[in-house]
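J.: Input structure: work.cif, which contains mmCIF, C-alpha atoms.
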data_protein
#
loop_
_atom_site.label_atom_id
_atom_site.label_comp_id
_atom_site.auth_asym_id
_atom_site.auth_seq_id
_atom_site.Cartn_x
_atom_site.Cartn_y
_atom_site.Cartn_z
CA MET A 888 19.81 -13.01 -5.64
CA GLU A 889 22.87 -11.14 -4.37
CA GLU A 890 22.24 -8.30 -6.77
CA LEU A 891 18.75 -7.71 -5.43
CA ASN A 892 20.08 -7.44 -1.89
CA ARG A 893 17.79 -10.25 -0.86
CA LYS A 894 18.32 -11.80 2.56
CA SER A 895 18.04 -15.35 3.84
CA VAL A 896 15.82 -15.93 6.90
CA ASP A 897 18.98 -16.07 8.97
CA ASP A 898 20.42 -12.89 7.48
CA PHE A 899 17.09 -11.19 7.98
CA ARG A 900 16.90 -12.04 11.66
CA LYS A 901 20.42 -10.72 12.21
CA ALA A 902 19.94 -7.54 10.14
CA GLU A 903 19.46 -4.26 11.93
CA LYS A 904 15.77 -3.43 11.91
CA ILE A 905 14.04 -0.12 11.76
CA GLN A 906 12.25 0.74 14.98
CA VAL A 907 8.72 0.41 13.69
CA ILE A 908 6.19 -2.12 14.96
CA ALA A 909 2.82 -2.90 13.37
CA VAL A 910 0.07 -3.95 15.77
CA LEU A 911 -2.78 -5.96 14.24
CA GLU A 912 -5.92 -5.76 16.36
CA ASN A 913 -8.88 -8.04 15.62
CA ILE A 914 -8.12 -8.37 11.91
CA ARG A 915 -10.75 -10.57 10.29
CA SER A 916 -8.84 -11.69 7.20
CA ALA A 917 -5.76 -13.88 7.58
CA TYR A 918 -4.83 -12.86 4.00
CA ASN A 919 -4.50 -9.27 5.22
CA VAL A 920 -2.27 -10.48 8.08
CA GLY A 921 -0.01 -12.32 5.62
CA SER A 922 0.22 -9.27 3.41
CA VAL A 923 1.37 -7.12 6.34
CA PHE A 924 4.06 -9.74 7.09
CA ARG A 925 5.28 -9.45 3.51
CA THR A 926 5.39 -5.65 3.76
CA ALA A 927 7.13 -5.81 7.17
CA ASP A 928 9.77 -8.04 5.59
CA ALA A 929 10.34 -5.61 2.71
CA PHE A 930 10.86 -2.63 5.00
CA LEU A 931 12.85 -4.44 7.73
CA LEU A 932 10.33 -3.76 10.49
CA GLU A 933 11.26 -4.56 14.07
CA GLY A 934 8.20 -6.79 14.29
CA ILE A 935 4.48 -7.38 14.30
CA TYR A 936 2.31 -7.55 17.42
CA ILE A 937 -0.84 -9.61 16.97
CA SER A 938 -3.76 -9.07 19.31
CA GLY A 939 -7.31 -10.26 19.92
CA TYR A 940 -8.76 -12.65 17.35
CA THR A 941 -6.28 -11.75 14.59
CA ALA A 942 -4.91 -14.97 13.05
CA LYS A 943 -1.30 -15.84 13.90
CA PRO A 944 1.27 -18.12 12.23
CA PRO A 945 1.35 -20.96 11.47
CA HIS A 946 -1.76 -20.44 9.35
CA LYS A 947 -2.47 -21.53 5.80
CA GLU A 948 -4.04 -18.26 4.64
CA ILE A 949 -1.28 -16.16 6.23
CA SER A 950 1.32 -18.22 4.35
CA LYS A 951 -0.51 -17.72 1.07
CA THR A 952 0.07 -13.95 1.13
CA ALA A 953 3.16 -13.74 3.38
CA LEU A 954 5.13 -16.03 1.05
CA GLY A 955 7.67 -16.93 3.72
CA ALA A 956 7.82 -13.56 5.48
CA GLU A 957 6.03 -15.16 8.45
CA ASP A 958 9.30 -17.02 9.09
CA SER A 959 11.58 -14.00 8.88
CA VAL A 960 9.61 -11.23 10.59
CA SER A 961 9.49 -11.33 14.41
CA TRP A 962 5.99 -11.43 15.88
CA LYS A 963 4.36 -11.78 19.25
CA TYR A 964 0.82 -12.56 20.27
CA PHE A 965 -1.16 -10.71 22.97
CA ASN A 966 -4.62 -11.60 24.25
CA ASN A 967 -5.65 -8.00 23.98
CA THR A 968 -4.21 -4.77 22.64
CA LYS A 969 -3.89 -3.25 26.12
CA LEU A 970 -1.16 -5.80 26.92
CA ALA A 971 0.58 -5.06 23.64
CA ILE A 972 0.51 -1.34 24.38
CA GLU A 973 1.93 -1.89 27.88
CA GLU A 974 4.90 -3.71 26.39
CA LEU A 975 5.38 -1.03 23.73
CA LYS A 976 5.36 1.71 26.38
CA GLN A 977 7.94 -0.18 28.43
CA LYS A 978 10.09 -0.25 25.30
CA ASN A 979 9.60 3.51 24.82
CA TYR A 980 7.59 3.26 21.63
CA GLU A 981 5.23 6.07 20.70
CA ILE A 982 1.93 4.52 19.71
CA TYR A 983 -0.46 5.72 17.00
CA ALA A 984 -3.85 4.30 16.06
CA VAL A 985 -4.49 4.31 12.32
CA GLU A 986 -7.98 5.76 12.36
CA GLN A 987 -10.02 8.60 10.96
CA VAL A 988 -10.94 10.47 14.12
CA ALA A 989 -11.11 14.11 15.19
CA GLY A 990 -7.59 15.36 15.75
CA SER A 991 -5.83 12.62 13.83
CA ILE A 992 -2.61 13.59 12.08
CA SER A 993 -2.66 13.46 8.30
CA LEU A 994 0.01 11.04 7.07
CA GLN A 995 1.94 13.56 4.98
CA TYR A 996 2.78 15.52 8.12
CA PHE A 997 3.65 12.51 10.24
CA THR A 998 7.29 12.07 9.30
CA GLU A 999 8.01 15.66 10.30
CA LEU A 1000 7.50 14.49 13.88
CA ASN A 1001 10.68 12.44 13.48
CA ILE A 1002 9.75 9.79 16.02
CA GLU A 1003 12.53 7.38 16.87
CA LYS A 1004 10.47 4.34 17.90
CA VAL A 1005 6.93 4.15 16.60
CA ALA A 1006 4.11 1.60 16.68
CA PHE A 1007 1.03 1.75 14.48
CA ILE A 1008 -2.20 0.03 15.44
CA PHE A 1009 -4.34 -1.32 12.59
CA GLY A 1010 -7.87 -2.32 13.51
CA ASN A 1011 -10.66 -4.49 12.23
CA GLU A 1012 -11.62 -4.17 8.55
CA VAL A 1013 -15.15 -2.99 9.36
CA SER A 1014 -15.18 -1.49 12.85
CA GLY A 1015 -11.63 -0.05 12.91
CA VAL A 1016 -9.42 0.36 15.97
CA GLU A 1017 -11.31 -0.18 19.27
CA GLN A 1018 -12.24 3.01 21.12
CA ASP A 1019 -10.56 1.73 24.31
CA THR A 1020 -7.37 1.21 22.33
CA ILE A 1021 -7.44 4.69 20.80
CA LEU A 1022 -7.60 6.20 24.28
CA LEU A 1023 -4.35 4.43 25.25
CA CYS A 1024 -2.44 5.73 22.22
CA ASP A 1025 -0.28 8.84 21.91
CA GLY A 1026 -2.38 9.93 18.95
CA SER A 1027 -4.08 8.87 15.75
CA ILE A 1028 -2.93 9.05 12.19
CA GLU A 1029 -4.91 8.90 8.96
CA ILE A 1030 -4.27 8.60 5.26
CA PRO A 1031 -6.09 11.52 3.62
CA GLN A 1032 -8.65 10.22 1.16
CA PHE A 1033 -10.83 12.12 -1.25
CA GLY A 1034 -12.96 9.58 -3.06
CA MET A 1035 -16.35 8.03 -2.84
CA LYS A 1036 -15.51 5.15 -0.52
CA HIS A 1037 -13.22 6.85 1.92
CA SER A 1038 -11.56 3.64 2.92
CA LEU A 1039 -8.57 1.62 1.80
CA ASN A 1040 -8.00 -2.09 2.15
CA ILE A 1041 -6.13 -2.66 5.41
CA SER A 1042 -3.12 -4.29 3.76
CA VAL A 1043 -2.87 -1.34 1.34
CA ALA A 1044 -3.24 1.20 4.18
CA ALA A 1045 -0.57 -0.65 6.17
CA GLY A 1046 1.72 -0.65 3.12
CA ILE A 1047 1.38 3.10 2.69
CA ILE A 1048 1.92 3.94 6.36
CA LEU A 1049 4.81 1.53 6.86
CA TRP A 1050 6.46 2.86 3.68
CA GLU A 1051 6.05 6.46 4.81
CA ALA A 1052 7.39 5.70 8.30
CA SER A 1053 10.27 3.49 7.22
CA SER A 1054 11.47 5.10 3.98
CA LYS A 1055 12.98 8.03 5.85
CA LYS A 1056 14.69 5.70 8.30
CA LEU A 1057 16.00 3.32 5.64
CA ASN A 1058 17.86 5.99 3.69
CA MET B 374 -20.92 11.23 5.41
CA GLU B 375 -20.50 14.95 4.81
CA GLU B 376 -17.95 15.19 7.56
CA LEU B 377 -15.76 12.56 5.97
CA ASN B 378 -15.78 14.42 2.69
CA ARG B 379 -17.14 11.34 0.97
CA LYS B 380 -18.39 11.72 -2.58
CA SER B 381 -21.30 10.16 -4.45
CA VAL B 382 -20.52 8.45 -7.77
CA ASP B 383 -21.84 11.55 -9.51
CA ASP B 384 -19.78 13.95 -7.38
CA PHE B 385 -16.75 11.77 -7.93
CA ARG B 386 -17.07 11.85 -11.71
CA LYS B 387 -17.37 15.63 -11.66
CA ALA B 388 -14.54 16.19 -9.16
CA GLU B 389 -11.21 17.46 -10.42
CA LYS B 390 -8.84 14.51 -10.65
CA ILE B 391 -5.14 14.34 -10.13
CA GLN B 392 -3.25 13.64 -13.33
CA VAL B 393 -2.10 10.15 -12.48
CA ILE B 394 -3.10 7.04 -14.41
CA ALA B 395 -2.47 3.45 -13.32
CA VAL B 396 -1.94 0.93 -16.11
CA LEU B 397 -2.61 -2.70 -15.22
CA GLU B 398 -0.82 -5.06 -17.59
CA ASN B 399 -1.63 -8.78 -17.53
CA ILE B 400 -2.63 -8.85 -13.87
CA ARG B 401 -3.59 -12.38 -12.90
CA SER B 402 -5.75 -11.66 -9.86
CA ALA B 403 -9.03 -9.80 -10.28
CA TYR B 404 -8.90 -9.11 -6.53
CA ASN B 405 -5.74 -7.09 -7.10
CA VAL B 406 -7.49 -5.17 -9.87
CA GLY B 407 -10.39 -4.34 -7.55
CA SER B 408 -8.00 -3.19 -4.85
CA VAL B 409 -6.30 -0.78 -7.26
CA PHE B 410 -9.75 0.62 -8.16
CA ARG B 411 -10.40 1.26 -4.47
CA THR B 412 -7.04 3.02 -4.08
CA ALA B 413 -7.61 5.04 -7.27
CA ASP B 414 -10.93 6.20 -5.82
CA ALA B 415 -9.32 7.25 -2.54
CA PHE B 416 -6.66 9.36 -4.25
CA LEU B 417 -8.86 10.81 -7.02
CA LEU B 418 -6.87 9.30 -9.86
CA GLU B 419 -7.61 10.36 -13.42
CA GLY B 420 -8.23 6.74 -14.30
CA ILE B 421 -7.10 3.17 -14.80
CA TYR B 422 -5.98 1.68 -18.10
CA ILE B 423 -6.45 -2.07 -18.31
CA SER B 424 -4.42 -4.07 -20.81
CA GLY B 425 -3.87 -7.63 -21.94
CA TYR B 426 -5.60 -10.35 -19.97
CA THR B 427 -6.20 -8.21 -16.87
CA ALA B 428 -9.83 -8.61 -15.75
CA LYS B 429 -12.11 -5.63 -16.36
CA PRO B 430 -15.45 -4.57 -14.83
CA PRO B 431 -18.10 -5.85 -14.55
CA HIS B 432 -16.47 -8.73 -12.69
CA LYS B 433 -17.51 -10.40 -9.45
CA GLU B 434 -14.01 -10.60 -7.95
CA ILE B 435 -13.20 -7.00 -8.88
CA SER B 436 -16.38 -5.87 -7.11
CA LYS B 437 -15.45 -7.79 -3.99
CA THR B 438 -12.33 -5.68 -3.38
CA ALA B 439 -13.31 -2.47 -5.25
CA LEU B 440 -16.45 -2.08 -3.12
CA GLY B 441 -18.11 0.23 -5.64
CA ALA B 442 -14.99 2.09 -6.81
CA GLU B 443 -15.32 0.30 -10.17
CA ASP B 444 -18.37 2.54 -10.77
CA SER B 445 -16.70 5.81 -9.83
CA VAL B 446 -13.19 5.50 -11.26
CA SER B 447 -12.82 5.97 -15.04
CA TRP B 448 -11.21 3.06 -16.84
CA LYS B 449 -10.45 2.01 -20.38
CA TYR B 450 -9.46 -1.31 -21.87
CA PHE B 451 -6.66 -1.85 -24.41
CA ASN B 452 -5.80 -5.10 -26.15
CA ASN B 453 -2.17 -4.53 -25.39
CA THR B 454 -0.06 -2.09 -23.41
CA LYS B 455 1.49 -0.60 -26.55
CA LEU B 456 -1.90 0.87 -27.49
CA ALA B 457 -2.36 2.20 -23.95
CA ILE B 458 1.08 3.84 -24.09
CA GLU B 459 0.31 5.43 -27.47
CA GLU B 460 -2.77 7.07 -26.02
CA LEU B 461 -0.88 8.21 -22.91
CA LYS B 462 1.84 9.77 -25.07
CA GLN B 463 -0.79 11.62 -27.13
CA LYS B 464 -2.12 12.99 -23.85
CA ASN B 465 1.40 14.06 -22.81
CA TYR B 466 1.76 11.65 -19.92
CA GLU B 467 5.21 10.59 -18.78
CA ILE B 468 5.20 6.84 -18.41
CA TYR B 469 7.04 4.78 -15.81
CA ALA B 470 7.17 1.02 -15.44
CA VAL B 471 7.09 -0.16 -11.85
CA GLU B 472 9.93 -2.63 -12.00
CA GLN B 473 13.22 -3.49 -10.36
CA VAL B 474 15.62 -3.00 -13.25
CA ALA B 475 19.03 -1.43 -13.70
CA GLY B 476 18.65 2.34 -13.69
CA SER B 477 15.23 2.43 -12.10
CA ILE B 478 14.48 5.43 -9.89
CA SER B 479 14.00 4.71 -6.21
CA LEU B 480 10.53 5.86 -5.13
CA GLN B 481 11.69 8.30 -2.47
CA TYR B 482 13.39 10.41 -5.13
CA PHE B 483 10.55 10.25 -7.63
CA THR B 484 8.44 13.14 -6.41
CA GLU B 485 11.41 15.48 -6.72
CA LEU B 486 10.98 15.11 -10.48
CA ASN B 487 7.69 16.99 -10.10
CA ILE B 488 6.02 15.44 -13.11
CA GLU B 489 2.71 17.02 -14.07
CA LYS B 490 1.04 14.06 -15.79
CA VAL B 491 2.31 10.62 -14.91
CA ALA B 492 1.30 7.06 -15.69
CA PHE B 493 2.59 4.01 -13.81
CA ILE B 494 2.58 0.56 -15.35
CA PHE B 495 2.04 -2.37 -12.99
CA GLY B 496 2.80 -5.79 -14.42
CA ASN B 497 1.96 -9.41 -13.79
CA GLU B 498 2.31 -10.71 -10.24
CA VAL B 499 5.01 -13.22 -11.20
CA SER B 500 6.71 -12.03 -14.37
CA GLY B 501 6.42 -8.27 -13.85
CA VAL B 502 6.14 -5.64 -16.57
CA GLU B 503 6.84 -7.02 -20.07
CA GLN B 504 10.27 -6.20 -21.47
CA ASP B 505 8.71 -4.72 -24.64
CA THR B 506 6.64 -2.41 -22.47
CA ILE B 507 9.61 -1.25 -20.39
CA LEU B 508 11.37 -0.20 -23.59
CA LEU B 509 8.47 2.10 -24.49
CA CYS B 510 8.48 3.87 -21.11
CA ASP B 511 10.24 7.06 -20.08
CA GLY B 512 11.82 5.18 -17.22
CA SER B 513 11.31 2.71 -14.42
CA ILE B 514 10.60 3.24 -10.77
CA GLU B 515 11.00 0.89 -7.84
CA ILE B 516 10.08 0.71 -4.19
CA PRO B 517 13.33 0.08 -2.29
CA GLN B 518 13.05 -3.17 -0.36
CA PHE B 519 15.46 -4.68 2.09
CA GLY B 520 13.97 -7.94 3.23
CA MET B 521 14.11 -11.61 2.41
CA LYS B 522 11.41 -11.72 -0.25
CA HIS B 523 12.15 -8.55 -2.12
CA SER B 524 8.65 -8.26 -3.45
CA LEU B 525 5.42 -6.64 -2.38
CA ASN B 526 1.90 -7.65 -3.26
CA ILE B 527 0.90 -5.70 -6.38
CA SER B 528 -2.06 -3.97 -4.71
CA VAL B 529 0.21 -2.90 -1.84
CA ALA B 530 2.92 -1.69 -4.24
CA ALA B 531 0.29 0.23 -6.23
CA GLY B 532 -1.03 1.77 -3.02
CA ILE B 533 2.42 2.98 -2.00
CA ILE B 534 3.29 4.41 -5.41
CA LEU B 535 -0.08 6.05 -6.00
CA TRP B 536 0.04 7.56 -2.50
CA GLU B 537 3.53 8.92 -3.06
CA ALA B 538 2.62 10.36 -6.47
CA SER B 539 -0.72 11.80 -5.48
CA SER B 540 -0.16 13.02 -1.91
CA LYS B 541 1.96 15.91 -3.09
CA LYS B 542 -0.62 16.85 -5.72
CA LEU B 543 -3.59 16.57 -3.35
CA ASN B 544 -2.24 19.02 -0.78
#
Can the structure from this file be put into structure tokens for me?

T.:
Amino acid sequence: MEELNRKSVDDFRKAEKIQVIAVLENIRSAYNVGSVFRTADAFLLEGIYISGYTAKPPHKEISKTALGAEDSVSWKYFNNTKLAIEELKQKNYEIYAVEQVAGSISLQYFTELNIEKVAFIFGNEVSGVEQDTILLCDGSIEIPQFGMKHSLNISVAAGIILWEASSKKLN
Amino acid sequence: MEELNRKSVDDFRKAEKIQVIAVLENIRSAYNVGSVFRTADAFLLEGIYISGYTAKPPHKEISKTALGAEDSVSWKYFNNTKLAIEELKQKNYEIYAVEQVAGSISLQYFTELNIEKVAFIFGNEVSGVEQDTILLCDGSIEIPQFGMKHSLNISVAAGIILWEASSKKLN
């Protein structure tokens, strides 16, 4: 255990976090929510903001994929994403929607921006981030994709973006 | 469709691929297999090698998460990973096990190696890559993790590694 640098729930809560917050807006699958908790635990994220009809802990399906990370990672629920964004702005977070829209920044260039405190908004599996939400953000970011489907599972997309954003900060 | 640079199955098969192969060894969940297909489609991977008791297409659960990528991405089945590795070596691929072992390379340093043709072996969700397999590889690679669980879902880990390996090649 020691060797792997694994933390107890208590250690985790006390550990210095990286200033990255994942916002989960209207996520349909609680399994995807749990998976993002597990990823947030791995990369020591500041926390997860849950908004709209996204499932929140305690929840059986979240536990199945979070494997305990729902107890270590800080999270907060908001009735709608607008409220979550207001709090993030008060805390001086820059906010990016993860969405393929005109003008979105391609992920490989994102870390060059060197943002100190950043929040990423992940939207519904089918309809994506709400248009009203996108308008409140500082920008959008996308993972460049070249295949037939042009979409990634949301827990995979979150893994890639949170890795890219946190790996530079964790060094 | 055009705007998003989305490809038909036929276009996809003809498109130039990046020289990255994902090997799936004894993966328990067919959903995870499907998710890796979807990621492989997004990043134009050369293909997927399936070994051991990992589920292979056609398979209902693979389809549920691959969403059609099982028809576009090339794949090949091997009874065991040793046979898959033999073929990869004949094709001049460098082979890395994705595993937390002594001496494994931390992912953020991996792309500096600038490997032309690379295969990554992903192992079972619980037991990881087989010891016999690790011994046949050129090395191991790990995603640095700092949390309580010290593990990522295999489809998330595959997404992160395949993104990191392919994003530099896709530019």

J.: For a quick test of understanding: name the residues of chain A lying within 8 Å of chain B when counting all atoms listed in the file, and present them as a PyMOL selection string.

T.: chain A and resi 891-896+899+922+925-926+928-931+952+954-956+959+995+1032-1040+1042-1044+1046-1047+1050+1054

J.: Mind listing as a PyMOL selection string all residues within 12 Å of (-3.5, -3.5, 24.9), counting all atoms listed in the file?

T.: chain A and resi 910-913+936-939+964-976+982+984+1008+1016-1024

J.: All Cα atoms, paired in order, least squares: that's the fit I need for chain A onto chain B, output as a compact mmCIF listing (two decimals) with C-alpha atoms, in the coordinates of the input.

T.:
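This is the output file superposed.txt:
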# COMPACT_ATOMS: atom_id res chain seq x y z
CA MET A 888 -20.96 11.19 5.41
CA GLU A 889 -20.53 14.92 4.78
CA GLU A 890 -17.96 15.18 7.54
CA LEU A 891 -15.75 12.54 5.97
CA ASN A 892 -15.74 14.41 2.67
CA ARG A 893 -17.12 11.35 0.97
CA LYS A 894 -18.38 11.71 -2.59
CA SER A 895 -21.29 10.16 -4.45
CA VAL A 896 -20.51 8.44 -7.77
CA ASP A 897 -21.82 11.53 -9.51
CA ASP A 898 -19.78 13.92 -7.38
CA PHE A 899 -16.74 11.76 -7.93
CA ARG A 900 -17.03 11.83 -11.70
CA LYS A 901 -17.36 15.61 -11.67
CA ALA A 902 -14.53 16.20 -9.17
CA GLU A 903 -11.22 17.46 -10.44
CA LYS A 904 -8.84 14.52 -10.65
CA ILE A 905 -5.14 14.36 -10.14
CA GLN A 906 -3.25 13.66 -13.34
CA VAL A 907 -2.11 10.17 -12.48
CA ILE A 908 -3.11 7.04 -14.40
CA ALA A 909 -2.47 3.45 -13.31
CA VAL A 910 -1.94 0.95 -16.11
CA LEU A 911 -2.62 -2.69 -15.23
CA GLU A 912 -0.83 -5.06 -17.59
CA ASN A 913 -1.63 -8.78 -17.54
CA ILE A 914 -2.64 -8.85 -13.88
CA ARG A 915 -3.59 -12.39 -12.91
CA SER A 916 -5.76 -11.67 -9.87
CA ALA A 917 -9.03 -9.80 -10.29
CA TYR A 918 -8.91 -9.12 -6.51
CA ASN A 919 -5.73 -7.10 -7.09
CA VAL A 920 -7.50 -5.16 -9.87
CA GLY A 921 -10.40 -4.33 -7.53
CA SER A 922 -8.01 -3.19 -4.84
CA VAL A 923 -6.31 -0.77 -7.25
CA PHE A 924 -9.76 0.63 -8.14
CA ARG A 925 -10.41 1.26 -4.45
CA THR A 926 -7.05 3.01 -4.07
CA ALA A 927 -7.61 5.05 -7.26
CA ASP A 928 -10.93 6.19 -5.81
CA ALA A 929 -9.32 7.26 -2.53
CA PHE A 930 -6.66 9.37 -4.24
CA LEU A 931 -8.87 10.81 -7.01
CA LEU A 932 -6.87 9.31 -9.86
CA GLU A 933 -7.62 10.38 -13.41
CA GLY A 934 -8.23 6.74 -14.30
CA ILE A 935 -7.10 3.18 -14.79
CA TYR A 936 -5.97 1.68 -18.09
CA ILE A 937 -6.45 -2.07 -18.31
CA SER A 938 -4.44 -4.06 -20.81
CA GLY A 939 -3.86 -7.63 -21.96
CA TYR A 940 -5.61 -10.36 -19.98
CA THR A 941 -6.19 -8.21 -16.87
CA ALA A 942 -9.82 -8.61 -15.75
CA LYS A 943 -12.11 -5.63 -16.36
CA PRO A 944 -15.45 -4.58 -14.83
CA PRO A 945 -18.09 -5.84 -14.54
CA HIS A 946 -16.47 -8.73 -12.69
CA LYS A 947 -17.49 -10.41 -9.46
CA GLU A 948 -14.00 -10.60 -7.95
CA ILE A 949 -13.19 -6.99 -8.88
CA SER A 950 -16.37 -5.86 -7.11
CA LYS A 951 -15.45 -7.81 -4.00
CA THR A 952 -12.35 -5.68 -3.38
CA ALA A 953 -13.30 -2.48 -5.24
CA LEU A 954 -16.45 -2.07 -3.13
CA GLY A 955 -18.11 0.24 -5.64
CA ALA A 956 -14.99 2.09 -6.80
CA GLU A 957 -15.32 0.30 -10.16
CA ASP A 958 -18.36 2.53 -10.76
CA SER A 959 -16.70 5.80 -9.83
CA VAL A 960 -13.19 5.51 -11.26
CA SER A 961 -12.83 5.98 -15.03
CA TRP A 962 -11.22 3.06 -16.85
CA LYS A 963 -10.46 2.01 -20.37
CA TYR A 964 -9.48 -1.31 -21.86
CA PHE A 965 -6.67 -1.85 -24.41
CA ASN A 966 -5.80 -5.10 -26.16
CA ASN A 967 -2.17 -4.53 -25.41
CA THR A 968 -0.07 -2.09 -23.42
CA LYS A 969 1.50 -0.60 -26.56
CA LEU A 970 -1.90 0.88 -27.48
CA ALA A 971 -2.35 2.21 -23.97
CA ILE A 972 1.07 3.85 -24.09
CA GLU A 973 0.31 5.45 -27.47
CA GLU A 974 -2.78 7.08 -26.01
CA LEU A 975 -0.88 8.21 -22.91
CA LYS A 976 1.84 9.79 -25.06
CA GLN A 977 -0.78 11.62 -27.12
CA LYS A 978 -2.12 12.99 -23.85
CA ASN A 979 1.40 14.08 -22.81
CA TYR A 980 1.74 11.66 -19.92
CA GLU A 981 5.20 10.60 -18.79
CA ILE A 982 5.18 6.85 -18.41
CA TYR A 983 7.03 4.79 -15.79
CA ALA A 984 7.17 1.01 -15.44
CA VAL A 985 7.08 -0.16 -11.84
CA GLU A 986 9.93 -2.65 -11.99
CA GLN A 987 13.22 -3.48 -10.36
CA VAL A 988 15.61 -2.99 -13.25
CA ALA A 989 19.04 -1.42 -13.72
CA GLY A 990 18.65 2.33 -13.71
CA SER A 991 15.23 2.42 -12.10
CA ILE A 992 14.48 5.42 -9.89
CA SER A 993 14.00 4.71 -6.21
CA LEU A 994 10.54 5.85 -5.13
CA GLN A 995 11.71 8.30 -2.47
CA TYR A 996 13.40 10.40 -5.15
CA PHE A 997 10.56 10.24 -7.63
CA THR A 998 8.45 13.14 -6.41
CA GLU A 999 11.43 15.47 -6.74
CA LEU A 1000 10.98 15.10 -10.49
CA ASN A 1001 7.71 16.99 -10.11
CA ILE A 1002 6.02 15.45 -13.13
CA GLU A 1003 2.73 17.04 -14.08
CA LYS A 1004 1.04 14.08 -15.80
CA VAL A 1005 2.31 10.64 -14.91
CA ALA A 1006 1.30 7.05 -15.69
CA PHE A 1007 2.58 4.02 -13.82
CA ILE A 1008 2.58 0.57 -15.37
CA PHE A 1009 2.03 -2.38 -13.01
CA GLY A 1010 2.80 -5.80 -14.43
CA ASN A 1011 1.98 -9.41 -13.81
CA GLU A 1012 2.31 -10.73 -10.25
CA VAL A 1013 5.01 -13.24 -11.20
CA SER A 1014 6.72 -12.06 -14.39
CA GLY A 1015 6.43 -8.28 -13.85
CA VAL A 1016 6.13 -5.64 -16.56
CA GLU A 1017 6.82 -7.01 -20.08
CA GLN A 1018 10.27 -6.18 -21.47
CA ASP A 1019 8.71 -4.71 -24.64
CA THR A 1020 6.63 -2.42 -22.46
CA ILE A 1021 9.60 -1.25 -20.40
CA LEU A 1022 11.37 -0.18 -23.58
CA LEU A 1023 8.45 2.12 -24.49
CA CYS A 1024 8.45 3.88 -21.11
CA ASP A 1025 10.23 7.07 -20.08
CA GLY A 1026 11.83 5.19 -17.21
CA SER A 1027 11.31 2.70 -14.42
CA ILE A 1028 10.60 3.22 -10.78
CA GLU A 1029 11.01 0.87 -7.83
CA ILE A 1030 10.08 0.71 -4.19
CA PRO A 1031 13.32 0.07 -2.28
CA GLN A 1032 13.04 -3.17 -0.34
CA PHE A 1033 15.46 -4.69 2.12
CA GLY A 1034 13.95 -7.96 3.26
CA MET A 1035 14.10 -11.60 2.45
CA LYS A 1036 11.40 -11.70 -0.21
CA HIS A 1037 12.15 -8.54 -2.10
CA SER A 1038 8.66 -8.27 -3.44
CA LEU A 1039 5.42 -6.65 -2.37
CA ASN A 1040 1.90 -7.66 -3.26
CA ILE A 1041 0.90 -5.71 -6.36
CA SER A 1042 -2.06 -3.99 -4.70
CA VAL A 1043 0.21 -2.90 -1.82
CA ALA A 1044 2.92 -1.69 -4.23
CA ALA A 1045 0.30 0.22 -6.22
CA GLY A 1046 -1.03 1.76 -2.99
CA ILE A 1047 2.41 2.99 -1.99
CA ILE A 1048 3.30 4.42 -5.40
CA LEU A 1049 -0.08 6.05 -5.99
CA TRP A 1050 0.05 7.57 -2.49
CA GLU A 1051 3.55 8.92 -3.05
CA ALA A 1052 2.63 10.36 -6.46
CA SER A 1053 -0.72 11.80 -5.47
CA SER A 1054 -0.15 13.03 -1.91
CA LYS A 1055 1.98 15.92 -3.11
CA LYS A 1056 -0.60 16.86 -5.73
CA LEU A 1057 -3.58 16.58 -3.37
CA ASN A 1058 -2.23 19.05 -0.83

J.: Which residues, written as a ChimeraX atom specification, have at least one atom at most 7 Å from Gly1015 of chain A, with all atoms listed in the file counted and residues fewer than 4 positions away on the same chain left out?

T.: /A:986,1010-1011

J.: Have a look at B:Tyr469, B:Val406, B:Val491, B:Gly420 and name the one nearest to Ser436 of chain B; count all atoms listed in the file.

T.: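 Going through B:Tyr469, B:Val406, B:Val491, B:Gly420 one by one, the smallest distance to Ser436 of chain B is for B:Val406.
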
J.: Quick one: distance from atom CA of Gly990 of chain A to atom CA of Lys978 of chain A in Å, one decimal?

T.: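 Separation between atom CA of Gly990 of chain A and atom CA of Lys978 of chain A: 25.4 Å.
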
J.: May I ask you to restore N, CA and C atoms in segment 1013-1019 of chain A and write the result as a PDB file, in the coordinates of the input?

T.:
ATOM      1  N   VAL A1013     -13.854  -3.677   9.390  1.00  0.00           N
ATOM      2  CA  VAL A1013     -15.150  -2.990   9.360  1.00  0.00           C
ATOM      3  C   VAL A1013     -15.256  -1.953  10.483  1.00  0.00           C
ATOM      4  N   SER A1014     -14.924  -2.374  11.709  1.00  0.00           N
ATOM      5  CA  SER A1014     -15.180  -1.490  12.850  1.00  0.00           C
ATOM      6  C   SER A1014     -13.975  -0.616  13.219  1.00  0.00           C
ATOM      7  N   GLY A1015     -12.805  -0.881  12.634  1.00  0.00           N
ATOM      8  CA  GLY A1015     -11.630  -0.050  12.910  1.00  0.00           C
ATOM      9  C   GLY A1015     -10.987  -0.357  14.256  1.00  0.00           C
ATOM     10  N   VAL A1016     -10.109   0.533  14.688  1.00  0.00           N
ATOM     11  CA  VAL A1016      -9.420   0.360  15.970  1.00  0.00           C
ATOM     12  C   VAL A1016     -10.430   0.584  17.105  1.00  0.00           C
ATOM     13  N   GLU A1017     -10.399  -0.281  18.122  1.00  0.00           N
ATOM     14  CA  GLU A1017     -11.310  -0.180  19.270  1.00  0.00           C
ATOM     15  C   GLU A1017     -11.158   1.179  19.972  1.00  0.00           C
ATOM     16  N   GLN A1018     -12.264   1.717  20.430  1.00  0.00           N
ATOM     17  CA  GLN A1018     -12.240   3.010  21.120  1.00  0.00           C
ATOM     18  C   GLN A1018     -11.331   2.973  22.354  1.00  0.00           C
ATOM     19  N   ASP A1019     -11.404   1.875  23.116  1.00  0.00           N
ATOM     20  CA  ASP A1019     -10.560   1.730  24.310  1.00  0.00           C
ATOM     21  C   ASP A1019      -9.077   1.781  23.961  1.00  0.00           C
TER      22      ASP A1019
END
